[in-house]
$ cat query-v5.pdb   # PDB, C-alpha atoms
MODEL        1
ATOM      1  CA  MET A1365      -8.061 -16.885  -2.998
ATOM      2  CA  SER A1366      -8.732 -20.543  -3.656
ATOM      3  CA  LYS A1367      -6.219 -22.868  -5.288
ATOM      4  CA  ASP A1368      -8.695 -24.104  -7.896
ATOM      5  CA  LYS A1369      -8.889 -20.555  -9.299
ATOM      6  CA  LEU A1370      -5.155 -19.991  -9.389
ATOM      7  CA  SER A1371      -2.429 -22.586  -8.982
ATOM      8  CA  ILE A1372      -0.469 -20.368  -6.605
ATOM      9  CA  PRO A1373      -1.584 -19.847  -2.990
ATOM     10  CA  ILE A1374      -1.764 -16.064  -2.643
ATOM     11  CA  LYS A1375      -3.644 -13.478  -0.628
ATOM     12  CA  PRO A1376      -4.567  -9.858  -1.436
ATOM     13  CA  VAL A1377      -2.854  -6.953   0.330
ATOM     14  CA  ILE A1378      -4.926  -3.791  -0.151
ATOM     15  CA  SER A1379      -4.396  -0.232   1.065
ATOM     16  CA  TYR A1380      -7.393   2.061   0.647
ATOM     17  CA  PRO A1381      -9.235   4.931   2.380
ATOM     18  CA  ARG A1382     -11.943   3.553   4.653
ATOM     19  CA  GLN A1383     -13.063   7.104   5.308
ATOM     20  CA  ALA A1384     -12.433   9.902   2.816
ATOM     21  CA  GLU A1385     -13.108  13.618   2.746
ATOM     22  CA  VAL A1386     -15.364  15.098   0.095
ATOM     23  CA  GLY A1387     -13.416  15.957  -3.071
ATOM     24  CA  LYS A1388      -9.998  14.746  -1.868
ATOM     25  CA  THR A1389      -7.760  12.364  -3.817
ATOM     26  CA  TYR A1390      -6.270   9.206  -2.280
ATOM     27  CA  LEU A1391      -3.915   6.472  -3.432
ATOM     28  CA  MET A1392      -5.223   2.918  -3.425
ATOM     29  CA  THR A1393      -2.871  -0.041  -3.893
ATOM     30  CA  VAL A1394      -3.702  -3.666  -4.628
ATOM     31  CA  ASP A1395      -0.956  -6.245  -4.277
ATOM     32  CA  LEU A1396      -0.684 -10.029  -3.899
ATOM     33  CA  GLU A1397       1.651 -12.013  -1.697
ATOM     34  CA  GLN A1398       2.187 -15.740  -1.592
ATOM     35  CA  THR A1399       1.064 -17.510   1.550
ATOM     36  CA  ASP A1400       3.169 -19.738   3.784
ATOM     37  CA  ASP A1401       1.991 -22.882   1.982
ATOM     38  CA  PHE A1402       3.635 -21.803  -1.290
ATOM     39  CA  HIS A1403       6.052 -24.549  -2.328
ATOM     40  CA  ARG A1404       6.630 -24.403  -6.039
ATOM     41  CA  TRP A1405       5.789 -22.486  -9.206
ATOM     42  CA  HIS A1406       3.167 -24.173 -11.376
ATOM     43  CA  TYR A1407       3.761 -22.304 -14.639
ATOM     44  CA  GLU A1408       6.303 -22.502 -17.439
ATOM     45  CA  GLU A1409       6.644 -18.714 -17.541
ATOM     46  CA  GLU A1410       8.886 -16.925 -15.062
ATOM     47  CA  GLU A1411       6.143 -14.345 -14.451
ATOM     48  CA  TYR A1412       2.350 -14.419 -14.210
ATOM     49  CA  PRO A1413       0.292 -11.224 -14.759
ATOM     50  CA  ILE A1414      -2.885 -10.533 -12.797
ATOM     51  CA  TYR A1415      -5.079  -7.719 -14.104
ATOM     52  CA  CYS A1416      -6.913  -5.578 -11.593
ATOM     53  CA  LYS A1417     -10.258  -3.841 -12.180
ATOM     54  CA  VAL A1418     -11.681  -1.446  -9.563
ATOM     55  CA  ASP A1419     -15.353  -0.468  -9.397
ATOM     56  CA  THR A1420     -15.959   2.400  -6.952
ATOM     57  CA  ASP A1421     -19.582   3.045  -7.994
ATOM     58  CA  SER A1422     -20.421   6.672  -7.112
ATOM     59  CA  LEU A1423     -18.048   6.901  -4.129
ATOM     60  CA  PHE A1424     -14.937   7.862  -6.115
ATOM     61  CA  LYS A1425     -13.653   8.617  -9.553
ATOM     62  CA  SER A1426     -10.968   6.011 -10.150
ATOM     63  CA  LYS A1427      -7.881   6.392 -12.350
ATOM     64  CA  PRO A1428      -5.094   3.788 -12.634
ATOM     65  CA  VAL A1429      -1.499   4.910 -12.106
ATOM     66  CA  GLY A1430       0.243   3.158 -14.975
ATOM     67  CA  LYS A1431      -1.007  -0.253 -16.023
ATOM     68  CA  PRO A1432      -3.338  -1.920 -13.477
ATOM     69  CA  ILE A1433      -1.316  -5.137 -13.419
ATOM     70  CA  ILE A1434       0.162  -7.163 -10.559
ATOM     71  CA  LEU A1435       3.063  -9.175 -11.955
ATOM     72  CA  LEU A1436       3.819 -12.266  -9.868
ATOM     73  CA  HIS A1437       7.226 -13.906 -10.148
ATOM     74  CA  ARG A1438       8.288 -17.465  -9.452
ATOM     75  CA  PHE A1439      10.516 -16.614  -6.486
ATOM     76  CA  GLY A1440       7.626 -15.349  -4.386
ATOM     77  CA  GLY A1441       5.572 -12.153  -4.273
ATOM     78  CA  SER A1442       5.152  -9.534  -6.964
ATOM     79  CA  TYR A1443       7.122  -6.722  -8.569
ATOM     80  CA  GLY A1444       4.809  -4.145  -7.029
ATOM     81  CA  ALA A1445       1.193  -3.224  -6.455
ATOM     82  CA  ALA A1446      -1.385  -2.011  -8.941
ATOM     83  CA  LYS A1447      -2.124   1.621  -8.059
ATOM     84  CA  PHE A1448      -5.214   3.773  -8.450
ATOM     85  CA  LEU A1449      -5.994   7.406  -7.697
ATOM     86  CA  LEU A1450      -9.401   7.724  -6.034
ATOM     87  CA  THR A1451     -11.085  11.139  -5.992
ATOM     88  CA  ALA A1452     -13.935  11.242  -3.490
ATOM     89  CA  ALA A1453     -17.462  12.316  -4.451
ATOM     90  CA  GLN A1454     -18.666  15.840  -3.754
ATOM     91  CA  GLU A1455     -21.230  14.791  -1.159
ATOM     92  CA  GLU A1456     -21.408  12.550   1.887
ATOM     93  CA  MET A1457     -22.331   8.934   1.243
ATOM     94  CA  LYS A1458     -21.558   5.329   2.161
ATOM     95  CA  GLY A1459     -20.829   2.366  -0.058
ATOM     96  CA  GLU A1460     -18.323  -0.236  -1.142
ATOM     97  CA  ILE A1461     -15.485  -0.817  -3.585
ATOM     98  CA  LYS A1462     -15.418  -3.951  -5.715
ATOM     99  CA  ILE A1463     -12.170  -5.378  -7.050
ATOM    100  CA  THR A1464     -11.975  -8.001  -9.773
ATOM    101  CA  LEU A1465      -8.734  -9.878 -10.416
ATOM    102  CA  LYS A1466      -8.414 -11.392 -13.903
ATOM    103  CA  ASN A1467      -5.907 -13.658 -15.587
ATOM    104  CA  GLY A1468      -4.204 -12.935 -18.915
ATOM    105  CA  TRP A1469      -7.258 -14.150 -20.833
ATOM    106  CA  GLY A1470      -9.559 -11.711 -19.045
ATOM    107  CA  VAL A1471     -11.220 -14.434 -16.980
ATOM    108  CA  PRO A1472     -12.069 -13.387 -13.395
ATOM    109  CA  ILE A1473     -10.180 -15.459 -10.823
ATOM    110  CA  GLU A1474     -11.257 -13.567  -7.701
ATOM    111  CA  ARG A1475     -13.770 -10.896  -6.699
ATOM    112  CA  LEU A1476     -13.252  -8.829  -3.558
ATOM    113  CA  THR A1477     -15.595  -6.367  -1.843
ATOM    114  CA  LEU A1478     -14.429  -3.620   0.505
ATOM    115  CA  LYS A1479     -17.426  -2.612   2.589
ATOM    116  CA  ASN A1480     -18.446   0.244   4.897
ATOM    117  CA  ILE A1481     -16.531   3.004   3.108
ATOM    118  CA  GLN A1482     -17.583   6.544   3.978
ATOM    119  CA  ILE A1483     -17.312   9.892   2.217
ATOM    120  CA  VAL A1484     -17.527  12.633   4.869
ATOM    121  CA  LEU A1485     -17.191  16.409   5.035
ATOM    122  CA  LYS A1486     -14.260  16.175   7.468
ATOM    123  CA  LYS A1487     -12.401  13.081   8.551
ATOM    124  CA  LYS A1488     -12.219  12.129  12.188
ATOM    125  CA  ASP A1489      -8.760  12.024  13.730
ATOM    126  CA  GLU A1490      -7.775   8.359  13.543
ATOM    127  CA  LEU A1491      -4.753   8.776  15.806
ATOM    128  CA  THR A1492      -6.626   8.381  19.105
ATOM    129  CA  ASN A1493      -5.487   4.821  19.683
ATOM    130  CA  LEU A1494      -2.417   4.818  17.459
ATOM    131  CA  PRO A1495       0.248   4.577  20.204
ATOM    132  CA  GLU A1496      -1.497   1.543  21.704
ATOM    133  CA  TYR A1497      -1.984   0.094  18.234
ATOM    134  CA  ILE A1498       1.747   0.296  17.554
ATOM    135  CA  LYS A1499       2.580  -1.079  20.995
ATOM    136  CA  LEU A1500       0.357  -4.121  20.476
ATOM    137  CA  SER A1501       1.511  -4.813  16.922
ATOM    138  CA  ASN A1502       4.220  -7.464  16.793
ATOM    139  CA  SER A1503       3.907  -7.851  13.041
ATOM    140  CA  THR A1504       6.814  -6.914  10.815
ATOM    141  CA  ARG A1505       4.249  -5.411   8.422
ATOM    142  CA  LEU A1506       2.656  -2.196   9.644
ATOM    143  CA  ASP A1507      -0.055  -0.259   7.801
ATOM    144  CA  LEU A1508      -0.238   3.373   8.940
ATOM    145  CA  SER A1509      -1.884   4.637   5.764
ATOM    146  CA  ASN A1510      -4.767   7.143   5.941
ATOM    147  CA  LYS A1511      -3.989   8.113   9.555
ATOM    148  CA  GLN A1512      -3.552  11.880   8.992
ATOM    149  CA  LEU A1513       0.070  11.551  10.101
ATOM    150  CA  THR A1514       2.189  14.710  10.034
ATOM    151  CA  ILE A1515       5.951  14.927  10.490
ATOM    152  CA  ALA A1516       5.431  15.883  14.144
ATOM    153  CA  LYS A1517       3.158  12.908  14.861
ATOM    154  CA  LEU A1518       5.383  10.443  13.011
ATOM    155  CA  SER A1519       8.386  11.621  15.014
ATOM    156  CA  GLN A1520       6.635  10.594  18.240
ATOM    157  CA  TYR A1521       6.232   6.958  17.185
ATOM    158  CA  ILE A1522       9.093   6.173  14.823
ATOM    159  CA  THR A1523      11.403   4.776  17.512
ATOM    160  CA  ARG A1524       8.776   2.131  18.290
ATOM    161  CA  LEU A1525       8.952   0.742  14.758
ATOM    162  CA  SER A1526      12.500  -0.642  14.733
ATOM    163  CA  HIS A1527      11.244  -4.233  14.195
ATOM    164  CA  VAL A1528       9.187  -3.375  11.091
ATOM    165  CA  THR A1529      10.289  -4.584   7.647
ATOM    166  CA  HIS A1530       7.281  -3.353   5.606
ATOM    167  CA  LEU A1531       5.904   0.096   6.468
ATOM    168  CA  ASP A1532       2.965   1.757   4.694
ATOM    169  CA  LEU A1533       2.760   5.519   5.312
ATOM    170  CA  SER A1534       0.741   6.328   2.198
ATOM    171  CA  ASN A1535      -2.092   8.866   2.089
ATOM    172  CA  ASN A1536      -0.999  10.940   5.073
ATOM    173  CA  GLN A1537       0.078  14.570   5.499
ATOM    174  CA  LEU A1538       3.855  14.172   5.525
ATOM    175  CA  THR A1539       5.763  17.148   4.114
ATOM    176  CA  SER A1540       9.151  15.692   5.067
ATOM    177  CA  LEU A1541      10.732  12.752   6.892
ATOM    178  CA  PRO A1542      12.656  12.818  10.169
ATOM    179  CA  GLU A1543      16.410  12.317   9.823
ATOM    180  CA  TYR A1544      16.273   9.464  12.325
ATOM    181  CA  ILE A1545      14.214   7.342   9.955
ATOM    182  CA  THR A1546      17.514   5.467   9.672
ATOM    183  CA  GLU A1547      16.642   3.848  13.004
ATOM    184  CA  LEU A1548      14.296   1.585  11.043
ATOM    185  CA  SER A1549      17.256  -0.517   9.981
ATOM    186  CA  HIS A1550      15.193  -3.611   9.114
ATOM    187  CA  LEU A1551      13.016  -1.883   6.534
ATOM    188  CA  THR A1552      12.859  -3.621   3.162
ATOM    189  CA  GLU A1553       9.727  -1.840   1.848
ATOM    190  CA  LEU A1554       8.580   1.737   2.483
ATOM    191  CA  ASP A1555       5.467   3.273   0.916
ATOM    192  CA  LEU A1556       5.366   7.080   1.053
ATOM    193  CA  SER A1557       2.884   7.546  -1.801
ATOM    194  CA  GLY A1558       0.116  10.100  -1.583
ATOM    195  CA  ASN A1559       1.800  12.555   0.794
ATOM    196  CA  GLN A1560       3.106  16.117   0.394
ATOM    197  CA  LEU A1561       6.834  15.384   0.362
ATOM    198  CA  SER A1562       8.951  18.033  -1.324
ATOM    199  CA  GLU A1563      12.300  16.430  -0.470
ATOM    200  CA  LEU A1564      13.878  13.336   1.068
ATOM    201  CA  PRO A1565      16.629  13.375   3.685
ATOM    202  CA  GLU A1566      20.061  12.154   2.595
ATOM    203  CA  SER A1567      19.932   9.771   5.556
ATOM    204  CA  ILE A1568      17.328   7.615   3.812
ATOM    205  CA  THR A1569      20.172   6.056   1.852
ATOM    206  CA  LYS A1570      21.442   4.506   5.097
ATOM    207  CA  LEU A1571      18.523   2.071   5.022
ATOM    208  CA  SER A1572      20.752  -0.627   3.580
ATOM    209  CA  ASN A1573      18.054  -3.333   3.512
ATOM    210  CA  LEU A1574      15.519  -1.197   1.635
ATOM    211  CA  THR A1575      14.624  -2.727  -1.737
ATOM    212  CA  GLN A1576      11.237  -1.114  -2.487
ATOM    213  CA  LEU A1577      10.480   2.602  -2.102
ATOM    214  CA  TYR A1578       7.182   4.091  -3.348
ATOM    215  CA  LEU A1579       7.054   7.861  -3.865
ATOM    216  CA  SER A1580       4.240   8.535  -6.356
ATOM    217  CA  VAL A1581       1.757  11.390  -5.842
ATOM    218  CA  ASN A1582       4.111  13.700  -3.919
ATOM    219  CA  GLN A1583       5.728  17.074  -4.669
ATOM    220  CA  LEU A1584       9.275  15.846  -5.217
ATOM    221  CA  SER A1585      11.301  17.744  -7.811
ATOM    222  CA  GLU A1586      14.534  15.857  -7.180
ATOM    223  CA  LEU A1587      15.951  12.956  -5.177
ATOM    224  CA  PRO A1588      19.160  12.690  -3.142
ATOM    225  CA  GLU A1589      22.081  11.820  -5.425
ATOM    226  CA  SER A1590      23.104   9.011  -3.121
ATOM    227  CA  ILE A1591      19.719   7.269  -3.444
ATOM    228  CA  SER A1592      21.182   5.174  -6.250
ATOM    229  CA  GLN A1593      23.145   3.337  -3.557
ATOM    230  CA  LEU A1594      19.984   1.672  -2.276
TER     231      LEU A1594
ENDMDL
END
$ encode --input "query-v5.pdb" --output "structure tokens"
Amino acid sequence: MSKDKLSIPIKPVISYPRQAEVGKTYLMTVDLEQTDDFHRWHYEEEEYPIYCKVDTDSLFKSKPVGKPIILLHRFGGSYGAAKFLLTAAQEEMKGEIKITLKNGWGVPIERLTLKNIQIVLKKKDELTNLPEYIKLSNSTRLDLSNKQLTIAKLSQYITRLSHVTHLDLSNNQLTSLPEYITELSHLTELDLSGNQLSELPESITKLSNLTQLYLSVNQLSELPESISQL
């Protein structure tokens, strides 16, 4: 995103299904983070709203979860991503998703295109190279969304993620979380949206550095009482 379009150096952070099964629903998130060359806030207001429009053509039916707004704040980053539920078409096809970011006056400030998206009858298992992928990733941000992860598969890799601060596990097949998720002691952001969670372990409250927890589109009827301690 160029500085002449917006006076804050930021870059998009997007989670979306690159391959989706016919008729299934997925969670797509669009967020913005300030780049390393951010030095000062250029606006009088404490916050700056960016409106997000998603055009999925015939690939998906798109529905925003809440207001499709990314609210930037002067201290860096945003208050959370804009979220959309994408329901895949009823037949196989290929295409792209277009995202338009607009300022408060409705003027486009950036247009993004996500290419080579597929709707298929049955998704391929994307876990083939996952262990090596985790091993080679030194980033503190790890995107494991749309990987068909189950509780059994996650349990195999979770001890390798102790360095991660931002972990995206959205749009998987998680019905629960392993108790030893507390080993991820550096986590500040955890996205569990779009899974099949029916409960959370009490141990999740031991993640003392966790400040952002996303749980939408699950099967949760209640949360641990101690979660208010986070």
$ axis_aligned_box --input "query-v5.pdb" --around "stretch 1516-1533 of chain A" --padding-each-side "3 Å" --output "lines of an AutoDock Vina configuration file"
center_x = 7.6
center_y = 5.6
center_z = 11.5
size_x = 15.7
size_y = 26.5
size_z = 19.6
$ resolve_selection --input "query-v5.pdb" --expression "the PyMOL selection byres ((chain A and resi 1516-1525) around 7)" --output "list in words"
Leu1513, Thr1514, Ile1515, Ser1526, His1527, Val1528, Pro1542, Glu1547 and Leu1548 of chain A
$ atom_distance --input "query-v5.pdb" --atom1 "atom CA of A:Glu1397" --atom2 "atom CA of A:Lys1570"
26.7 Å
$ closest_residue --input "query-v5.pdb" --among "A:Ser1567, A:Gln1537, A:Ser1442, A:Ser1580" --to "A:Lys1511" --atoms "only C-alpha atoms"
A:Gln1537
$ closest_residue --input "query-v5.pdb" --among "A:Leu1423, A:Leu1465, A:Met1457, A:Leu1449" --to "A:Asp1395" --atoms "all atoms listed in the file"
A:Leu1465
$ resolve_selection --input "query-v5.pdb" --expression "the PyMOL selection byres ((chain A and resi 1556) around 8)" --output "ChimeraX atom specification"
/A:1532-1535,1554-1555,1557-1559,1577-1580
$ resolve_selection --input "query-v5.pdb" --expression "the PyMOL selection byres ((chain A and resi 1443) around 10)" --output "JSON, numbers by chain"
{"A": [1395, 1396, 1411, 1433, 1434, 1435, 1436, 1437, 1440, 1441, 1442, 1444, 1445, 1446, 1576]}
$ atom_distance --input "query-v5.pdb" --atom1 "atom CA of A:Val1484" --atom2 "atom CA of A:Gln1383"
7.1 Å
